[in-house]
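What's in data21.cif: mmCIF, C-alpha atoms
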data_data
#
loop_
_atom_site.label_atom_id
_atom_site.label_comp_id
_atom_site.auth_asym_id
_atom_site.auth_seq_id
_atom_site.Cartn_x
_atom_site.Cartn_y
_atom_site.Cartn_z
CA MET A 1 -2.53 33.34 -12.57
CA THR A 2 -2.23 29.73 -11.45
CA SER A 3 1.19 28.92 -10.03
CA ILE A 4 3.19 26.22 -11.76
CA PRO A 5 3.73 23.34 -9.30
CA ARG A 6 7.19 22.18 -8.33
CA THR A 7 7.49 18.42 -8.25
CA LEU A 8 10.01 15.67 -7.57
CA LEU A 9 9.51 12.22 -9.11
CA ILE A 10 11.14 9.35 -7.22
CA LEU A 11 11.39 6.60 -9.81
CA ASN A 12 12.02 2.95 -9.01
CA GLY A 13 15.32 1.99 -10.64
CA LYS A 14 13.64 -0.83 -12.56
CA GLU A 15 11.78 1.81 -14.58
CA SER A 16 14.75 4.08 -15.34
CA GLY A 17 14.68 3.11 -19.01
CA ASN A 18 10.91 3.40 -19.45
CA ILE A 19 10.44 5.44 -22.63
CA ASP A 20 6.83 6.34 -21.80
CA VAL A 21 7.94 7.84 -18.49
CA ARG A 22 10.70 9.81 -20.19
CA ASN A 23 8.25 11.21 -22.76
CA ALA A 24 5.66 12.12 -20.13
CA VAL A 25 8.31 13.95 -18.08
CA LYS A 26 9.49 15.77 -21.21
CA ASN A 27 5.94 16.88 -22.04
CA LEU A 28 5.34 18.30 -18.57
CA ARG A 29 8.63 20.17 -18.61
CA ALA A 30 7.62 21.64 -21.98
CA GLU A 31 4.53 23.06 -20.23
CA GLY A 32 6.77 24.86 -17.77
CA VAL A 33 6.48 22.43 -14.88
CA THR A 34 9.53 22.17 -12.63
CA LEU A 35 9.93 18.40 -12.43
CA HIS A 36 12.99 16.92 -10.77
CA VAL A 37 13.65 13.20 -11.27
CA ARG A 38 15.57 10.91 -8.93
CA VAL A 39 16.10 7.17 -9.51
CA THR A 40 16.37 4.67 -6.66
CA TRP A 41 19.11 2.07 -6.63
CA GLU A 42 18.99 0.56 -3.13
CA GLN A 43 17.09 0.61 0.15
CA GLY A 44 17.13 4.05 1.71
CA ASP A 45 17.34 6.04 -1.52
CA ALA A 46 13.69 7.11 -1.39
CA LYS A 47 14.10 8.45 2.15
CA ARG A 48 17.13 10.46 1.10
CA TYR A 49 15.30 11.87 -1.94
CA VAL A 50 12.28 12.85 0.16
CA GLU A 51 14.60 14.77 2.49
CA GLU A 52 16.06 16.45 -0.60
CA ALA A 53 12.52 17.33 -1.76
CA ALA A 54 11.98 19.27 1.44
CA ILE A 55 15.17 21.24 0.79
CA LEU A 56 14.11 21.91 -2.82
CA ASP A 57 10.76 23.16 -1.46
CA VAL A 58 8.70 21.16 -3.95
CA ASP A 59 4.91 21.01 -3.75
CA THR A 60 4.61 17.30 -4.53
CA VAL A 61 6.63 14.10 -4.32
CA ILE A 62 5.60 11.40 -6.80
CA ALA A 63 6.16 7.73 -5.97
CA GLY A 64 6.95 6.15 -9.34
CA GLY A 65 6.79 2.38 -8.94
CA GLY A 66 4.68 -0.25 -7.22
CA ASP A 67 3.13 -0.48 -3.77
CA GLY A 68 6.55 -1.02 -2.17
CA THR A 69 7.88 2.23 -3.64
CA LEU A 70 4.73 4.02 -2.50
CA ASN A 71 5.22 2.67 1.02
CA GLU A 72 8.83 3.80 1.19
CA VAL A 73 8.03 7.30 -0.08
CA ALA A 74 5.00 7.74 2.19
CA THR A 75 6.95 6.55 5.24
CA ALA A 76 9.70 9.05 4.46
CA LEU A 77 7.17 11.86 4.05
CA MET A 78 5.69 11.02 7.46
CA ALA A 79 9.14 11.57 9.00
CA LEU A 80 9.05 15.22 7.89
CA SER A 81 7.40 17.91 9.97
CA THR A 82 3.82 18.67 8.92
CA ASN A 83 4.67 22.24 7.87
CA ASN A 84 7.47 20.98 5.62
CA ARG A 85 5.72 17.95 4.13
CA PRO A 86 5.01 17.97 0.36
CA ASP A 87 1.90 16.36 -1.07
CA LEU A 88 2.10 12.74 -2.21
CA ALA A 89 1.25 11.58 -5.71
CA ILE A 90 1.44 8.21 -7.45
CA LEU A 91 2.75 7.03 -10.80
CA PRO A 92 1.73 3.34 -10.83
CA LEU A 93 4.49 1.24 -12.42
CA GLY A 94 4.49 -1.93 -10.28
CA THR A 95 3.19 -5.46 -10.61
CA ALA A 96 -0.05 -5.02 -8.71
CA ASN A 97 -0.53 -1.26 -8.09
CA ASP A 98 -3.24 -2.19 -5.59
CA PHE A 99 -3.61 1.23 -3.96
CA ALA A 100 -3.51 3.16 -7.22
CA THR A 101 -6.08 0.86 -8.80
CA SER A 102 -8.42 1.19 -5.81
CA CYS A 103 -8.15 4.98 -6.11
CA ASN A 104 -8.93 4.91 -9.85
CA ILE A 105 -5.58 6.46 -10.67
CA PRO A 106 -5.06 5.93 -14.42
CA LEU A 107 -2.53 3.27 -15.36
CA GLN A 108 -1.71 5.12 -18.58
CA ILE A 109 1.58 6.84 -17.77
CA GLU A 110 0.92 10.21 -19.42
CA ASN A 111 -2.46 10.59 -17.70
CA ALA A 112 -1.16 9.39 -14.34
CA LEU A 113 1.72 11.85 -14.37
CA GLN A 114 -0.55 14.75 -15.35
CA LEU A 115 -2.80 13.86 -12.39
CA ALA A 116 0.21 13.54 -10.10
CA VAL A 117 1.34 17.07 -10.86
CA LYS A 118 -1.98 18.90 -11.33
CA GLY A 119 -4.57 16.82 -9.49
CA ARG A 120 -6.55 17.81 -6.42
CA ALA A 121 -4.74 17.14 -3.14
CA VAL A 122 -6.93 15.76 -0.35
CA SER A 123 -6.10 14.73 3.20
CA ILE A 124 -5.97 10.98 3.80
CA ASP A 125 -5.22 8.69 6.72
CA VAL A 126 -2.01 6.77 7.22
CA ALA A 127 -1.65 3.65 9.38
CA GLN A 128 1.28 3.34 11.76
CA VAL A 129 2.67 0.10 13.18
CA ASN A 130 4.46 0.02 16.54
CA GLY A 131 4.92 3.78 16.39
CA GLU A 132 7.48 3.51 13.61
CA HIS A 133 6.46 1.75 10.39
CA CYS A 134 3.72 3.13 8.14
CA PHE A 135 1.43 1.92 5.41
CA ILE A 136 -1.18 3.65 3.27
CA ASN A 137 -2.91 0.67 1.70
CA MET A 138 -2.93 -2.53 3.74
CA ALA A 139 -1.17 -4.82 6.17
CA THR A 140 -1.67 -8.51 5.44
CA GLY A 141 -0.69 -11.53 7.48
CA GLY A 142 -0.98 -15.30 7.31
CA PHE A 143 -1.07 -17.43 4.19
CA GLY A 144 -1.67 -14.45 1.89
CA THR A 145 1.53 -12.77 3.07
CA ARG A 146 3.59 -15.88 2.38
CA ILE A 147 2.14 -16.05 -1.13
CA THR A 148 2.93 -12.42 -2.04
CA THR A 149 6.48 -12.62 -0.68
CA GLU A 150 7.21 -15.97 -2.37
CA THR A 151 5.71 -15.29 -5.81
CA PRO A 152 8.55 -15.55 -8.37
CA GLU A 153 9.59 -12.35 -10.14
CA LYS A 154 9.34 -14.05 -13.55
CA LEU A 155 5.73 -15.06 -12.84
CA LYS A 156 4.89 -11.48 -11.82
CA ALA A 157 6.51 -10.15 -14.98
CA VAL A 158 4.37 -12.41 -17.17
CA LEU A 159 1.03 -12.37 -15.32
CA GLY A 160 1.11 -9.12 -13.36
CA GLY A 161 -1.24 -8.97 -10.36
CA ALA A 162 -2.87 -12.29 -11.27
CA SER A 163 0.43 -14.02 -10.47
CA TYR A 164 -0.29 -13.82 -6.73
CA PHE A 165 -3.59 -15.64 -7.12
CA ILE A 166 -2.13 -18.29 -9.44
CA HIS A 167 0.82 -18.88 -7.13
CA GLY A 168 -1.60 -19.15 -4.18
CA LEU A 169 -3.54 -21.93 -5.90
CA MET A 170 -0.26 -23.74 -6.57
CA ARG A 171 0.71 -23.55 -2.89
CA MET A 172 -2.53 -24.72 -1.25
CA ASP A 173 -0.62 -27.65 0.24
CA THR A 174 1.36 -25.23 2.42
CA ILE A 175 -1.65 -23.68 4.18
CA LYS A 176 -0.77 -23.03 7.82
CA ALA A 177 -2.68 -20.91 10.32
CA ASP A 178 -1.22 -18.31 12.69
CA SER A 179 -2.35 -18.51 16.32
CA CYS A 180 -2.87 -14.99 17.69
CA GLU A 181 -4.99 -12.63 19.76
CA ILE A 182 -6.47 -9.43 18.38
CA ARG A 183 -8.09 -6.68 20.41
CA GLY A 184 -9.30 -3.15 19.82
CA PRO A 185 -12.00 -0.77 21.10
CA GLY A 186 -15.01 -3.01 21.79
CA PHE A 187 -13.43 -5.94 19.95
CA ALA A 188 -11.58 -9.06 21.06
CA TRP A 189 -10.78 -12.29 19.21
CA ALA A 190 -8.39 -15.18 19.76
CA GLY A 191 -7.78 -18.23 17.59
CA ASP A 192 -6.08 -19.49 14.45
CA ALA A 193 -6.14 -17.19 11.45
CA LEU A 194 -5.38 -18.20 7.87
CA VAL A 195 -5.53 -14.71 6.36
CA ILE A 196 -5.47 -11.33 8.10
CA GLY A 197 -6.19 -8.10 6.25
CA ILE A 198 -5.97 -4.71 7.96
CA GLY A 199 -7.05 -2.18 5.42
CA ASN A 200 -6.77 1.55 5.10
CA GLY A 201 -7.24 0.76 1.40
CA ARG A 202 -9.30 -2.10 -0.02
CA GLN A 203 -7.25 -4.53 -2.07
CA ALA A 204 -3.95 -6.39 -1.95
CA GLY A 205 -2.19 -9.29 -3.61
CA GLY A 206 -2.87 -8.15 -7.14
CA GLY A 207 -6.49 -7.00 -6.98
CA GLN A 208 -7.97 -9.16 -4.22
CA PRO A 209 -10.55 -7.11 -2.20
CA LEU A 210 -9.55 -8.20 1.28
CA CYS A 211 -11.12 -5.12 2.92
CA PRO A 212 -13.86 -4.10 0.48
CA ASP A 213 -15.46 -1.42 2.67
CA ALA A 214 -12.34 0.46 3.75
CA LEU A 215 -12.00 4.22 3.27
CA ILE A 216 -8.82 6.28 3.43
CA ASN A 217 -10.34 9.31 5.16
CA ASP A 218 -12.67 7.91 7.84
CA GLY A 219 -10.19 7.52 10.71
CA LEU A 220 -10.72 3.75 10.79
CA LEU A 221 -9.05 0.53 9.68
CA GLN A 222 -11.06 -2.40 8.40
CA LEU A 223 -9.99 -5.67 9.99
CA ARG A 224 -10.95 -8.77 8.05
CA LEU A 225 -9.65 -12.21 8.94
CA LEU A 226 -10.35 -15.76 7.83
CA THR A 227 -10.40 -18.23 10.70
CA ALA A 228 -8.95 -21.73 10.37
CA GLU A 229 -12.05 -23.65 11.45
CA GLU A 230 -12.27 -25.22 8.00
CA LEU A 231 -9.09 -25.69 5.99
CA LEU A 232 -10.73 -25.68 2.58
CA PRO A 233 -9.29 -23.98 -0.47
CA THR A 234 -12.76 -22.70 -1.36
CA LEU A 235 -12.79 -20.63 1.82
CA LEU A 236 -9.50 -19.02 0.92
CA ILE A 237 -10.78 -18.21 -2.53
CA SER A 238 -14.00 -16.75 -1.12
CA VAL A 239 -12.23 -14.37 1.24
CA PHE A 240 -10.02 -13.14 -1.59
CA SER A 241 -13.09 -12.54 -3.74
CA GLY A 242 -14.76 -10.47 -1.03
CA GLU A 243 -17.73 -12.79 -0.52
CA LYS A 244 -19.43 -13.04 2.88
CA ASN A 245 -18.57 -16.18 4.83
CA LYS A 246 -19.30 -17.39 8.36
CA ASN A 247 -15.58 -17.92 8.95
CA VAL A 248 -14.72 -14.30 8.14
CA ILE A 249 -14.43 -11.96 11.14
CA GLU A 250 -14.83 -8.23 10.44
CA ALA A 251 -14.47 -5.01 12.44
CA ASN A 252 -13.79 -1.32 11.84
CA LEU A 253 -11.38 0.09 14.40
CA PRO A 254 -9.23 3.18 15.01
CA TRP A 255 -6.51 0.93 16.43
CA LEU A 256 -5.87 -2.72 17.18
CA GLU A 257 -3.22 -4.86 18.83
CA ILE A 258 -2.10 -8.30 17.69
CA THR A 259 -0.09 -10.64 19.90
CA ALA A 260 1.19 -14.11 19.07
CA PRO A 261 3.25 -16.77 20.89
CA HIS A 262 5.55 -16.98 17.88
CA ASN A 263 6.90 -14.60 15.24
CA MET A 264 4.35 -13.49 12.68
CA THR A 265 5.12 -11.63 9.48
CA PHE A 266 2.95 -8.82 8.14
CA ASN A 267 3.32 -7.36 4.69
CA LEU A 268 3.01 -3.56 4.88
CA ASP A 269 2.32 -2.52 1.29
CA GLY A 270 5.04 -4.87 0.11
CA GLU A 271 7.44 -4.40 3.04
CA PRO A 272 7.69 -7.36 5.47
CA LEU A 273 7.70 -6.80 9.24
CA SER A 274 8.09 -9.68 11.72
CA GLY A 275 7.43 -9.84 15.45
CA LYS A 276 5.21 -11.14 18.23
CA HIS A 277 3.37 -7.91 18.99
CA PHE A 278 1.92 -5.29 16.66
CA ARG A 279 0.00 -2.15 17.54
CA ILE A 280 -1.59 -0.70 14.44
CA GLU A 281 -3.36 2.64 14.60
CA VAL A 282 -4.75 5.25 12.25
CA LEU A 283 -3.20 8.70 11.98
CA PRO A 284 -6.18 10.69 10.62
CA ASN A 285 -5.58 13.25 7.85
CA ALA A 286 -1.86 12.61 8.12
CA ILE A 287 -0.87 13.34 4.55
CA ARG A 288 -2.21 15.06 1.44
CA CYS A 289 -2.42 12.95 -1.70
CA ARG A 290 -3.27 13.97 -5.27
CA LEU A 291 -6.23 11.80 -6.29
CA PRO A 292 -8.81 11.77 -9.10
CA PRO A 293 -12.35 13.11 -8.49
CA ASN A 294 -13.76 9.59 -8.86
CA CYS A 295 -11.57 8.04 -6.15
CA GLU A 296 -13.72 5.33 -4.55
CA LEU A 297 -11.74 5.25 -1.30
CA LEU A 298 -12.89 8.68 -0.16
CA GLY A 299 -15.95 8.81 2.06
#

For this file, write the structure as C-alpha cells.
Amino acid sequence: MTSIPRTLLILNGKESGNIDVRNAVKNLRAEGVTLHVRVTWEQGDAKRYVEEAAILDVDTVIAGGGDGTLNEVATALMALSTNNRPDLAILPLGTANDFATSCNIPLQIENALQLAVKGRAVSIDVAQVNGEHCFINMATGGFGTRITTETPEKLKAVLGGASYFIHGLMRMDTIKADSCEIRGPGFAWAGDALVIGIGNGRQAGGGQPLCPDALINDGLLQLRLLTAEELLPTLLISVFSGEKNKNVIEANLPWLEITAPHNMTFNLDGEPLSGKHFRIEVLPNAIRCRLPPNCELLG
C-alpha cells in the first residue's frame, strides 16, 4: 500500500484569498492527504514555517508563490540537516515563475498542487553565495537586475512576466555598466558588464533565457555576461532572447568569484544582495525537488 504523503504548504500572503488554491487544498485533503497550510506575512515567516515542518515530520514543503518565495523556502530548507530535510515542491503563483516555467511545472493550480504532493522527487543542485545565501534558479547582475527590482507592482499585475521586458525598453536611457573581475577554474575575465547571468536554471526576468543551456543536476553554473563594448539596445535585446553574439561571454563552472571596486547588486531569485565580492559555488545534489517527468532542466 502506498503511503499517503505528509505535506506543508507555505503560501505567500498575497495569495491567502485565492479560491483556486483553497479548492485544490480541499480536494487533496478529501483524498486523505495530510496537508498543513501556513501563510506568510513578513520576512522570516517562511524560515520559521520550514523549521516547523521539520518538527511535524512532513515529507514535502511546498513553496506557494513566486521565485522570491521559492528562494526563501529553499534557503530555509538548506539550513536543516540533510537527514531532517523534507523534499521541496513548487506551487507557482508569482509574476514570472521563471524556475517553475523552465521545469515545465503546470501553472494550473490543481495540477501543480497534485504534482507537488505526489510527483517524483529528484536530487538537484543549489547555488550558494558567500557561504550563506542560496538560490535555485539564477543570480543576475547589472542592468537586468535594476530593471527587475524597479518594475512597478501595478505593471507586473497587468502584464505579468512581460512587464520586466517592457520596463527595460522604457529605461534604456539608464544603461550603465558594472566594472568587475570574474574568475573560476580555467576562466578569467575583467571589464565592463551590462548584464550578468549566473544560472543553475535557465531563465529570469519574466521568461528571458539568460542561461539557455543550464541544467540543475550537472554540478555546474552557466555564466553568461554581456560586455559593454557596444552600448546598443539591440545587444541587450539579443542577450535576453538567447541569441549568440560576439559581445556575450559564456562559461560553465563549478564555482566563480566576482570582485568589483564598487558595490554591485545581484538578484538571487528575487532577493537582492549587494557587495564588492561574491563567491558563488554549486552544492551538487543538495536538495530533492518534486518535478514533472518532462522537466527540461534535468540532464

Minimum-distance residue to A:Ile280, chosen among A:Leu221, A:Cys295, A:Ala204, A:Leu88 (using all atoms listed in the file):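 Counting all atoms listed in the file, the residue closest to A:Ile280 is A:Leu221.
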
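Note on the selection: in this file the PyMOL selection byres ((chain A and resi 254) around 8) comes out as Gly184, Pro185, Gly219, Leu220, Leu221, Asn252, Leu253, Trp255, Leu256, Glu281 and Val282 of chain A.
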
Please expand the PyMOL selection byres ((chain A and resi 35) around 7) into the concrete residues it hits in this file, giving the result as a list in words.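 On this input, the PyMOL selection byres ((chain A and resi 35) around 7) captures Arg6, Thr7, Leu8, Arg29, Val33, Thr34, His36 and Val37 of chain A.
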
Taking (10.5, 6.5, 4.5) in the file's coordinates as the center, which residues reach within 10 Å of it, counting all atoms listed in the file, put as a count of residues only? 23

Could you state the separation of atom CA of A:Gly299 and atom CA of A:Lys118 in Å, given to one decimal place? 21.8 Å

I'd like the contact shell of stretch 269-272 of chain A - 7 Å cut-off, all atoms listed in the file, skipping same-chain residues fewer than 4 positions apart - returned as a ChimeraX atom specification. /A:67-68,71,135,137-139,265

Using all atoms listed in the file, which of A:Leu194, A:Ala251, A:Met264, A:Cys289 sits nearest A:Val61?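 Among the listed residues, A:Cys289 lies closest to A:Val61.
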
What is the distance, in Å and to one decimal place, between atom CA of A:Arg22 and atom CA of A:Leu9? 11.4 Å

What's the separation between atom CA of A:Asn217 and atom CA of A:Asp125, in Å to one decimal place?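 Between atom CA of A:Asn217 and atom CA of A:Asp125 the gap is 5.4 Å.
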
Starting from the shown file, work through the PyMOL selection byres ((chain A and resi 112) around 12) and note down what comes out as a PyMOL selection string. chain A and resi 20-21+24-25+28+62-65+89-93+100-101+103-111+113-119+290-292

Counting all atoms listed in the file, which residues come within 8 Å of (-0.4, -9.2, 21.0), with the point read in the file's coordinates, and could you list them as a PDB file with C-alpha atoms, in the frame of the given file?
ATOM      1  CA  CYS A 180      -2.870 -14.990  17.690  1.00  0.00           C
ATOM      2  CA  GLU A 181      -4.990 -12.630  19.760  1.00  0.00           C
ATOM      3  CA  ILE A 182      -6.470  -9.430  18.380  1.00  0.00           C
ATOM      4  CA  GLU A 257      -3.220  -4.860  18.830  1.00  0.00           C
ATOM      5  CA  ILE A 258      -2.100  -8.300  17.690  1.00  0.00           C
ATOM      6  CA  THR A 259      -0.090 -10.640  19.900  1.00  0.00           C
ATOM      7  CA  ALA A 260       1.190 -14.110  19.070  1.00  0.00           C
ATOM      8  CA  LYS A 276       5.210 -11.140  18.230  1.00  0.00           C
ATOM      9  CA  HIS A 277       3.370  -7.910  18.990  1.00  0.00           C
ATOM     10  CA  PHE A 278       1.920  -5.290  16.660  1.00  0.00           C
ATOM     11  CA  ARG A 279       0.000  -2.150  17.540  1.00  0.00           C
TER      12      ARG A 279
END

7 Å contact set for A:Ile287, only C-alpha atoms, chain neighbours under 4 positions out, as a PyMOL selection string: chain A and resi 87+123-125

Using only C-alpha atoms, the shortest atom-to-atom distance to A:Val248 among A:Ser179, A:Ser274, A:Thr227, A:Thr82 belongs to A:Thr227

Residue among A:Thr140, A:Thr60, A:Asn84, A:Asn18 lying closest to A:Phe266, counting all atoms listed in the file: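 Result for the nearest residue to A:Phe266: A:Thr140.
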
Which is closer to A:Asp218 than all the others in A:Arg120, A:Ala30, A:Pro284, A:Trp41, using all atoms listed in the file? A:Pro284

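Distances from A:Trp189, A:Leu225, A:Leu283, A:Leu215 to A:Ala177 were compared using all atoms listed in the file, and the smallest one belongs to A:Leu225.
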